[in-house]
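Pasted below: work22.cif, mmCIF, C-alpha atoms.
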```cif
data_final
#
loop_
_atom_site.label_atom_id
_atom_site.label_comp_id
_atom_site.auth_asym_id
_atom_site.auth_seq_id
_atom_site.Cartn_x
_atom_site.Cartn_y
_atom_site.Cartn_z
CA MET A 152 163.08 125.89 1.61
CA ALA A 153 162.66 122.50 3.31
CA PRO A 154 166.20 122.51 4.80
CA LEU A 155 165.79 126.11 5.96
CA ARG A 156 162.50 125.24 7.66
CA ALA A 157 164.15 122.33 9.48
CA ILE A 158 167.14 124.46 10.54
CA TYR A 159 164.99 127.32 11.90
CA ALA A 160 162.56 124.94 13.61
CA ARG A 161 165.45 123.29 15.48
CA ALA A 162 167.06 126.63 16.31
CA ASN A 163 163.75 127.92 17.63
CA ARG A 164 163.31 124.87 19.86
CA LEU A 165 166.84 125.37 21.23
CA GLY A 166 166.17 129.04 21.88
CA GLU A 167 168.85 130.18 19.43
CA VAL A 168 166.32 132.29 17.49
CA GLN A 169 163.10 133.84 18.71
CA VAL A 170 161.31 133.89 15.38
CA ASN A 171 161.12 131.29 12.64
CA PRO A 172 160.95 133.35 9.44
CA THR A 173 159.93 130.32 7.38
CA ARG A 174 156.75 129.65 9.39
CA GLY A 175 153.65 130.36 7.36
CA LEU A 176 155.69 131.24 4.30
CA ALA A 177 153.65 130.64 1.15
CA LEU A 178 155.63 129.62 -1.90
CA PRO A 179 154.33 129.99 -5.45
CA ALA A 180 153.21 126.75 -7.04
CA PRO A 181 155.88 125.46 -9.41
CA ARG A 182 155.00 125.70 -13.07
CA ALA A 183 155.32 122.54 -15.08
CA PRO A 184 157.93 123.01 -17.80
CA ARG A 185 156.60 123.25 -21.32
CA ARG A 186 157.05 119.98 -23.16
CA ARG A 187 157.53 120.11 -26.89
CA ILE A 188 156.13 116.95 -28.48
CA ALA A 189 156.67 116.50 -32.20
CA THR A 190 154.12 114.79 -34.44
CA PRO A 191 155.22 112.02 -36.83
CA THR A 192 155.16 114.52 -39.71
CA GLU A 193 157.29 116.98 -37.72
CA ILE A 194 159.72 114.19 -36.87
CA GLU A 195 160.30 113.45 -40.56
CA GLU A 196 160.83 117.15 -41.28
CA THR A 197 163.17 117.45 -38.31
CA LEU A 198 165.36 114.52 -39.30
CA ASP A 199 165.45 115.74 -42.90
CA ALA A 200 166.68 119.15 -41.68
CA VAL A 201 169.42 117.67 -39.49
CA ALA A 202 172.77 116.90 -41.13
CA ALA A 203 173.16 113.28 -42.21
CA GLY A 204 175.99 112.67 -39.72
CA ASP A 205 173.85 113.88 -36.83
CA ARG A 206 170.64 111.99 -37.62
CA ALA A 207 171.55 108.86 -35.66
CA LEU A 208 171.78 110.86 -32.43
CA TRP A 209 168.44 112.54 -33.00
CA GLY A 210 166.89 109.31 -34.21
CA THR A 211 167.99 107.53 -31.04
CA ALA A 212 166.63 110.33 -28.88
CA ILE A 213 163.27 110.28 -30.69
CA TYR A 214 162.82 106.56 -31.30
CA ALA A 215 164.47 105.14 -28.15
CA GLY A 216 163.85 107.93 -25.61
CA LEU A 217 167.33 107.93 -24.07
CA ARG A 218 168.26 110.76 -21.74
CA ARG A 219 170.90 113.28 -22.80
CA GLY A 220 173.62 111.74 -20.61
CA GLU A 221 172.70 108.24 -21.76
CA LEU A 222 173.16 109.31 -25.37
CA TYR A 223 176.53 110.87 -24.60
CA ALA A 224 177.77 107.72 -22.85
CA LEU A 225 176.30 105.16 -25.26
CA ARG A 226 178.88 102.66 -26.48
CA TRP A 227 178.69 100.28 -29.41
CA GLU A 228 178.93 97.37 -27.00
CA ASP A 229 175.58 98.55 -25.62
CA VAL A 230 173.88 98.39 -29.04
CA ASP A 231 172.79 94.94 -30.18
CA LEU A 232 171.58 95.49 -33.72
CA ALA A 233 171.06 91.75 -34.30
CA ALA A 234 168.72 91.42 -31.31
CA GLY A 235 167.23 94.88 -31.83
CA VAL A 236 168.00 96.11 -28.32
CA ILE A 237 169.88 99.02 -26.73
CA HIS A 238 171.30 98.21 -23.30
CA VAL A 239 171.34 101.37 -21.18
CA ARG A 240 174.18 100.79 -18.73
CA ARG A 241 175.65 104.23 -18.02
CA GLY A 242 175.07 107.95 -18.14
CA TRP A 243 177.25 111.04 -18.35
CA ASP A 244 177.99 113.76 -15.80
CA THR A 245 179.65 117.02 -16.87
CA VAL A 246 182.06 116.79 -13.92
CA LYS A 247 182.51 113.07 -13.25
CA GLY A 248 182.25 111.81 -16.83
CA GLU A 249 180.78 108.32 -17.16
CA ILE A 250 178.52 107.40 -14.26
CA GLU A 251 176.36 104.48 -13.25
CA PRO A 252 172.59 104.87 -13.67
CA LYS A 253 171.11 106.75 -10.73
CA SER A 254 168.81 103.83 -9.91
CA ARG A 255 168.42 100.19 -10.84
CA HIS A 256 165.54 101.23 -13.08
CA GLY A 257 167.92 103.35 -15.13
CA ARG A 258 169.75 100.20 -16.22
CA ARG A 259 167.38 98.80 -18.81
CA ARG A 260 166.79 97.36 -22.29
CA VAL A 261 165.14 99.52 -24.94
CA PRO A 262 163.81 98.04 -28.20
CA ILE A 263 165.20 99.32 -31.51
CA PRO A 264 162.44 99.91 -34.08
CA ALA A 265 163.25 99.41 -37.75
CA VAL A 266 163.21 103.15 -38.43
CA LEU A 267 165.98 103.65 -35.85
CA ARG A 268 167.97 100.59 -36.87
CA ASP A 269 168.62 102.10 -40.30
CA HIS A 270 170.11 105.24 -38.70
CA LEU A 271 172.29 103.20 -36.35
CA VAL A 272 173.55 100.95 -39.15
CA GLU A 273 174.61 104.02 -41.14
CA ARG A 274 176.27 105.47 -38.06
CA ARG A 275 178.10 102.19 -37.38
CA MET A 276 179.59 102.22 -40.86
CA ALA A 277 180.93 105.75 -40.31
CA SER A 278 182.12 105.28 -36.71
CA ASP A 279 185.34 103.65 -35.53
CA GLY A 280 185.45 104.63 -31.84
CA PRO A 281 183.92 102.97 -28.76
CA TYR A 282 181.20 105.62 -28.38
CA VAL A 283 178.23 105.56 -30.73
CA PHE A 284 178.19 109.34 -31.01
CA GLY A 285 181.88 110.01 -30.42
CA GLY A 286 181.65 110.76 -26.70
CA ALA A 287 180.15 113.68 -24.82
CA PRO A 288 181.85 116.62 -26.63
CA ALA A 289 181.02 115.29 -30.09
CA ALA A 290 177.48 114.29 -29.13
CA ARG A 291 176.86 117.71 -27.58
CA LYS A 292 177.88 119.37 -30.85
CA MET A 293 175.55 117.05 -32.78
CA ALA A 294 172.68 118.15 -30.57
CA GLU A 295 173.52 121.84 -30.96
CA ARG A 296 173.94 121.54 -34.73
CA GLY A 297 170.62 119.74 -34.97
CA THR A 298 168.69 122.43 -33.11
CA ALA A 299 170.35 125.14 -35.23
CA ALA A 300 169.48 123.24 -38.42
CA MET A 301 165.83 123.08 -37.39
CA ARG A 302 165.70 126.83 -36.86
CA LYS A 303 167.39 127.42 -40.20
CA ALA A 304 164.78 125.23 -41.90
CA GLY A 305 161.99 127.28 -40.33
CA LEU A 306 160.93 124.49 -37.96
CA GLU A 307 160.07 124.78 -34.30
CA PRO A 308 163.24 123.56 -32.57
CA LEU A 309 163.20 120.25 -30.75
CA ALA A 310 165.56 119.87 -27.79
CA ILE A 311 167.11 116.51 -26.93
CA HIS A 312 164.94 116.17 -23.83
CA ASP A 313 161.87 117.11 -25.88
CA ALA A 314 162.76 114.17 -28.12
CA ARG A 315 162.41 111.92 -25.06
CA HIS A 316 158.87 113.24 -24.48
CA THR A 317 158.13 112.70 -28.16
CA TYR A 318 159.25 109.07 -27.80
CA ALA A 319 156.80 108.57 -24.94
CA SER A 320 153.95 110.06 -26.97
CA LEU A 321 154.76 107.83 -29.96
CA MET A 322 154.79 104.69 -27.82
CA ILE A 323 151.47 105.61 -26.22
CA ALA A 324 149.89 106.32 -29.60
CA ALA A 325 151.19 102.97 -30.86
CA GLY A 326 149.39 101.21 -28.00
CA VAL A 327 152.35 100.29 -25.79
CA ASN A 328 151.09 99.69 -22.25
CA ALA A 329 152.13 101.96 -19.39
CA LYS A 330 154.16 99.31 -17.56
CA ALA A 331 156.34 98.59 -20.60
CA LEU A 332 156.72 102.30 -21.33
CA SER A 333 157.80 102.93 -17.74
CA GLU A 334 160.53 100.31 -18.12
CA PHE A 335 161.71 101.67 -21.48
CA MET A 336 161.87 105.20 -20.06
CA GLY A 337 163.79 104.09 -16.98
CA HIS A 338 161.26 105.54 -14.54
CA ALA A 339 161.59 104.46 -10.92
CA THR A 340 157.86 103.79 -10.67
CA ILE A 341 154.94 103.54 -13.05
CA ALA A 342 153.39 106.44 -11.11
CA ILE A 343 156.00 108.75 -12.62
CA THR A 344 154.97 107.62 -16.11
CA TYR A 345 151.31 108.26 -15.35
CA ASP A 346 152.07 111.67 -13.83
CA LEU A 347 154.06 112.76 -16.88
CA TYR A 348 152.11 111.15 -19.70
CA GLY A 349 148.77 110.03 -18.31
CA HIS A 350 146.98 112.79 -20.20
CA LEU A 351 148.19 111.26 -23.47
CA MET A 352 146.98 107.75 -22.70
CA PRO A 353 143.70 106.30 -24.02
CA GLY A 354 140.95 106.27 -21.46
CA SER A 355 141.26 109.87 -20.35
CA HIS A 356 138.06 111.66 -19.30
CA ASP A 357 136.75 112.26 -22.80
CA GLU A 358 137.36 108.66 -23.91
CA ALA A 359 136.60 106.61 -20.81
CA ALA A 360 132.82 106.41 -21.21
CA GLY A 361 133.09 105.56 -24.90
CA LEU A 362 135.61 102.80 -24.22
CA LEU A 363 133.42 101.30 -21.51
CA ASP A 364 130.31 101.42 -23.73
CA ALA A 365 132.20 99.75 -26.57
CA TYR A 366 133.50 97.02 -24.26
CA LEU A 367 130.07 96.27 -22.81
CA ALA A 368 128.54 96.19 -26.30
CA ARG A 369 131.15 93.66 -27.41
CA MET A 370 130.53 91.50 -24.36
CA ALA A 371 126.78 91.63 -24.87
CA GLY A 372 127.22 90.69 -28.52
CA SER A 373 129.50 87.77 -27.71
CA ALA A 374 127.06 86.43 -25.13
CA GLU A 375 124.18 86.02 -27.62
CA PRO A 376 125.67 83.11 -29.60
CA GLU A 377 126.35 81.25 -26.37
CA VAL A 378 122.67 81.51 -25.37
CA SER A 379 121.56 80.33 -28.81
CA GLU A 380 123.92 77.37 -28.64
CA ARG A 381 122.57 76.34 -25.25
CA GLU A 382 118.99 76.55 -26.52
CA ALA A 383 119.84 74.47 -29.59
CA LEU A 384 121.55 71.86 -27.43
CA SER A 385 118.53 71.72 -25.11
CA GLU A 386 116.13 71.25 -28.03
CA SER A 387 118.35 68.52 -29.46
CA LEU A 388 118.37 66.64 -26.15
CA GLU A 389 114.56 66.89 -25.82
CA ALA A 390 114.11 65.58 -29.37
CA SER A 391 116.32 62.62 -28.65
#
```
This entry written out as structure tokens:
Amino acid sequence: MAPLRAIYARANRLGEVQVNPTRGLALPAPRAPRRRIATPTEIEETLDAVAAGDRALWGTAIYAGLRRGELYALRWEDVDLAAGVIHVRRGWDTVKGEIEPKSRHGRRRVPIPAVLRDHLVERRMASDGPYVFGGAPAARKMAERGTAAMRKAGLEPLAIHDARHTYASLMIAAGVNAKALSEFMGHATIAITYDLYGHLMPGSHDEAAGLLDAYLARMAGSAEPEVSEREALSESLEAS
């Protein structure tokens, strides 16, 4: 609607139209898409349901939070198992194929946890091509087979992009700070991370007061020994 408003506003100023049909137009508020976030127990069940050859893709989506296109374009040269890091250097477009990250923040380093490293090592032993998941067509089939396997096992399906949200929730629960999470996710600003996942972070409304009380209690407790030490030192000096 924004381009239409600009076009009609200009046309109205030039006298090309008498009425701007976009003026005063009320649009419905956009609904936030439903985000499926799997619990650690659900993750184990999900990976067990997925075929062995497809687990590395799903494991990378869940435990590294890569976007769909980043998974499709991931090459072995981007995966440093020795250092425990995935270098995100490219994405995938259905028309253009391999593409550069859309922003400098998209080019990033993502840590490989031990639980993911095992999946990648198994995948490396079974893979002989440049792409970790065989390229876009093969990776797309892995994703589709995985979702179908979840349904067949009676589990609530997890989409590849839902796996990215699950990764964010796991990192927050593990205590990773928002700045680091923003970098791992490839967000342009930390504000995006807070907007998407702030409700999952410690210190939300129901926790803030408790956290502050606990902090002040610790500070008050740590101050007491210092006072006692000063008093003891003063008494010692007077006695001498």
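Between atom CA of A:Leu267 and atom CA of A:Arg206 there is a distance of 9.7 Å.
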Next item on the list: Choose the residue, out of A:Arg187, A:Arg260, A:Arg161, A:Arg174, that has the smallest atom-to-atom separation from A:Leu309; count only C-alpha atoms.
Entry: A:Arg187
Notebook entry, point to check: Counting all atoms listed in the file, what is within 9 Å of A:His270, bar same-chain residues fewer than 3 positions away, as a PyMOL selection string?
Noted result: chain A and resi 206-208+210-211+266-267+273-275
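Here the question is which of A:Tyr318, A:Phe335, A:Tyr214, A:Tyr223 gets nearest to A:Ile250 using only C-alpha atoms, and that residue is A:Tyr223.
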Next item on the list: List, as JSON, numbers by chain, every residue that the PyMOL selection byres ((chain A and resi 332) around 12) selects in the file provided.
Entry: {"A": [215, 216, 259, 260, 261, 262, 315, 316, 318, 319, 320, 321, 322, 323, 324, 325, 326, 327, 328, 329, 330, 331, 333, 334, 335, 336, 337, 338, 339, 340, 341, 342, 343, 344, 345, 347, 348, 349, 352]}
Selection from above, C-alpha atoms, as a CSV table (one decimal), in the frame of the given file, can you write it?
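The resulting file, result_27.csv, is reproduced below:
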```csv
chain,number,residue,atom,x,y,z
A,215,ALA,CA,164.5,105.1,-28.2
A,216,GLY,CA,163.8,107.9,-25.6
A,259,ARG,CA,167.4,98.8,-18.8
A,260,ARG,CA,166.8,97.4,-22.3
A,261,VAL,CA,165.1,99.5,-24.9
A,262,PRO,CA,163.8,98.0,-28.2
A,315,ARG,CA,162.4,111.9,-25.1
A,316,HIS,CA,158.9,113.2,-24.5
A,318,TYR,CA,159.2,109.1,-27.8
A,319,ALA,CA,156.8,108.6,-24.9
A,320,SER,CA,154.0,110.1,-27.0
A,321,LEU,CA,154.8,107.8,-30.0
A,322,MET,CA,154.8,104.7,-27.8
A,323,ILE,CA,151.5,105.6,-26.2
A,324,ALA,CA,149.9,106.3,-29.6
A,325,ALA,CA,151.2,103.0,-30.9
A,326,GLY,CA,149.4,101.2,-28.0
A,327,VAL,CA,152.4,100.3,-25.8
A,328,ASN,CA,151.1,99.7,-22.2
A,329,ALA,CA,152.1,102.0,-19.4
A,330,LYS,CA,154.2,99.3,-17.6
A,331,ALA,CA,156.3,98.6,-20.6
A,333,SER,CA,157.8,102.9,-17.7
A,334,GLU,CA,160.5,100.3,-18.1
A,335,PHE,CA,161.7,101.7,-21.5
A,336,MET,CA,161.9,105.2,-20.1
A,337,GLY,CA,163.8,104.1,-17.0
A,338,HIS,CA,161.3,105.5,-14.5
A,339,ALA,CA,161.6,104.5,-10.9
A,340,THR,CA,157.9,103.8,-10.7
A,341,ILE,CA,154.9,103.5,-13.0
A,342,ALA,CA,153.4,106.4,-11.1
A,343,ILE,CA,156.0,108.8,-12.6
A,344,THR,CA,155.0,107.6,-16.1
A,345,TYR,CA,151.3,108.3,-15.4
A,347,LEU,CA,154.1,112.8,-16.9
A,348,TYR,CA,152.1,111.2,-19.7
A,349,GLY,CA,148.8,110.0,-18.3
A,352,MET,CA,147.0,107.8,-22.7
```
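Counting all atoms listed in the file, the residue from A:Arg186, A:Arg241, A:Lys292, A:His256 that sits nearest to A:Trp209 is A:Lys292.
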Notebook entry, point to check: For this file, the PyMOL selection byres ((chain A and resi 306) around 12) selects which residues, as a count of residues only?
Noted result: 23
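Atom CA of A:Pro264 sits 17.4 Å away from atom CA of A:Arg218.
Using only C-alpha atoms for every distance, the candidate list A:Glu221, A:Asp346, A:Asp279, A:Glu295 yields A:Glu221 as the residue closest to A:Trp243.
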Next item on the list: Enumerate, as a count of residues only, the residues matched when the PyMOL selection byres ((chain A and resi 289) around 12) is run on the file above.
Entry: 21
Check: A:Leu351, A:Met152, A:Leu225, A:Leu367: which is nearest A:Pro179, counting all atoms listed in the file?
Finding: A:Met152
Note to self: Quick check, in Å to one decimal: how far apart do atom CA of A:Leu271 and atom CA of A:Ser254 lie?
What the structure shows: 26.7 Å
Item checked: Residue with smallest distance to A:Val239 - pool A:Arg258, A:Thr317, A:Arg268, A:Trp227, counting all atoms listed in the file -> A:Arg258
Reconstructed stretch 247-275 of chain A, atom set N, CA and C atoms, as a compact mmCIF listing (two decimals), keeping the file's coordinate frame:
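Below is the file result.txt, written as the result:
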```
# COMPACT_ATOMS: atom_id res chain seq x y z
N LYS A 247 181.96 114.39 -13.53
CA LYS A 247 182.51 113.07 -13.25
C LYS A 247 182.76 112.24 -14.52
N GLY A 248 182.14 112.63 -15.62
CA GLY A 248 182.25 111.81 -16.83
C GLY A 248 181.25 110.68 -16.79
N GLU A 249 181.68 109.47 -17.18
CA GLU A 249 180.78 108.32 -17.16
C GLU A 249 180.36 108.00 -15.74
N ILE A 250 179.05 107.74 -15.57
CA ILE A 250 178.52 107.40 -14.26
C ILE A 250 177.57 106.23 -14.39
N GLU A 251 177.34 105.55 -13.28
CA GLU A 251 176.36 104.48 -13.25
C GLU A 251 174.96 105.10 -13.27
N PRO A 252 173.97 104.37 -13.75
CA PRO A 252 172.59 104.87 -13.67
C PRO A 252 172.24 105.24 -12.24
N LYS A 253 171.44 106.27 -12.06
CA LYS A 253 171.11 106.75 -10.73
C LYS A 253 170.29 105.76 -9.92
N SER A 254 169.59 104.86 -10.60
CA SER A 254 168.81 103.83 -9.91
C SER A 254 168.85 102.55 -10.72
N ARG A 255 168.41 101.47 -10.12
CA ARG A 255 168.42 100.19 -10.84
C ARG A 255 167.46 100.22 -12.02
N HIS A 256 166.48 101.11 -11.98
CA HIS A 256 165.54 101.23 -13.08
C HIS A 256 166.19 101.91 -14.28
N GLY A 257 167.24 102.69 -14.04
CA GLY A 257 167.92 103.35 -15.13
C GLY A 257 168.67 102.38 -16.02
N ARG A 258 169.10 101.26 -15.45
CA ARG A 258 169.75 100.20 -16.22
C ARG A 258 168.65 99.36 -16.86
N ARG A 259 168.54 99.40 -18.18
CA ARG A 259 167.38 98.80 -18.81
C ARG A 259 167.68 98.40 -20.26
N ARG A 260 166.72 97.74 -20.89
CA ARG A 260 166.79 97.36 -22.29
C ARG A 260 165.70 98.10 -23.05
N VAL A 261 166.08 98.74 -24.14
CA VAL A 261 165.14 99.52 -24.94
C VAL A 261 165.09 98.92 -26.35
N PRO A 262 163.90 98.63 -26.86
CA PRO A 262 163.81 98.04 -28.20
C PRO A 262 164.21 99.03 -29.29
N ILE A 263 164.80 98.50 -30.36
CA ILE A 263 165.20 99.32 -31.51
C ILE A 263 164.19 99.09 -32.63
N PRO A 264 163.36 100.07 -32.95
CA PRO A 264 162.44 99.91 -34.08
C PRO A 264 163.20 99.96 -35.39
N ALA A 265 162.59 99.47 -36.44
CA ALA A 265 163.25 99.41 -37.75
C ALA A 265 163.69 100.79 -38.22
N VAL A 266 162.88 101.80 -37.96
CA VAL A 266 163.21 103.15 -38.43
C VAL A 266 164.48 103.67 -37.76
N LEU A 267 164.76 103.24 -36.54
CA LEU A 267 165.98 103.65 -35.85
C LEU A 267 167.15 102.77 -36.26
N ARG A 268 166.89 101.51 -36.50
CA ARG A 268 167.97 100.59 -36.87
C ARG A 268 168.71 101.08 -38.11
N ASP A 269 167.99 101.60 -39.07
CA ASP A 269 168.62 102.10 -40.30
C ASP A 269 169.61 103.23 -39.98
N HIS A 270 169.22 104.13 -39.08
CA HIS A 270 170.11 105.24 -38.70
C HIS A 270 171.35 104.72 -37.98
N LEU A 271 171.16 103.74 -37.12
CA LEU A 271 172.29 103.20 -36.35
C LEU A 271 173.24 102.40 -37.25
N VAL A 272 172.69 101.70 -38.22
CA VAL A 272 173.55 100.95 -39.15
C VAL A 272 174.43 101.92 -39.94
N GLU A 273 173.84 103.01 -40.41
CA GLU A 273 174.61 104.02 -41.14
C GLU A 273 175.68 104.63 -40.24
N ARG A 274 175.32 104.89 -39.00
CA ARG A 274 176.27 105.47 -38.06
C ARG A 274 177.41 104.49 -37.77
N ARG A 275 177.08 103.20 -37.67
CA ARG A 275 178.10 102.19 -37.38
C ARG A 275 179.13 102.12 -38.50
```
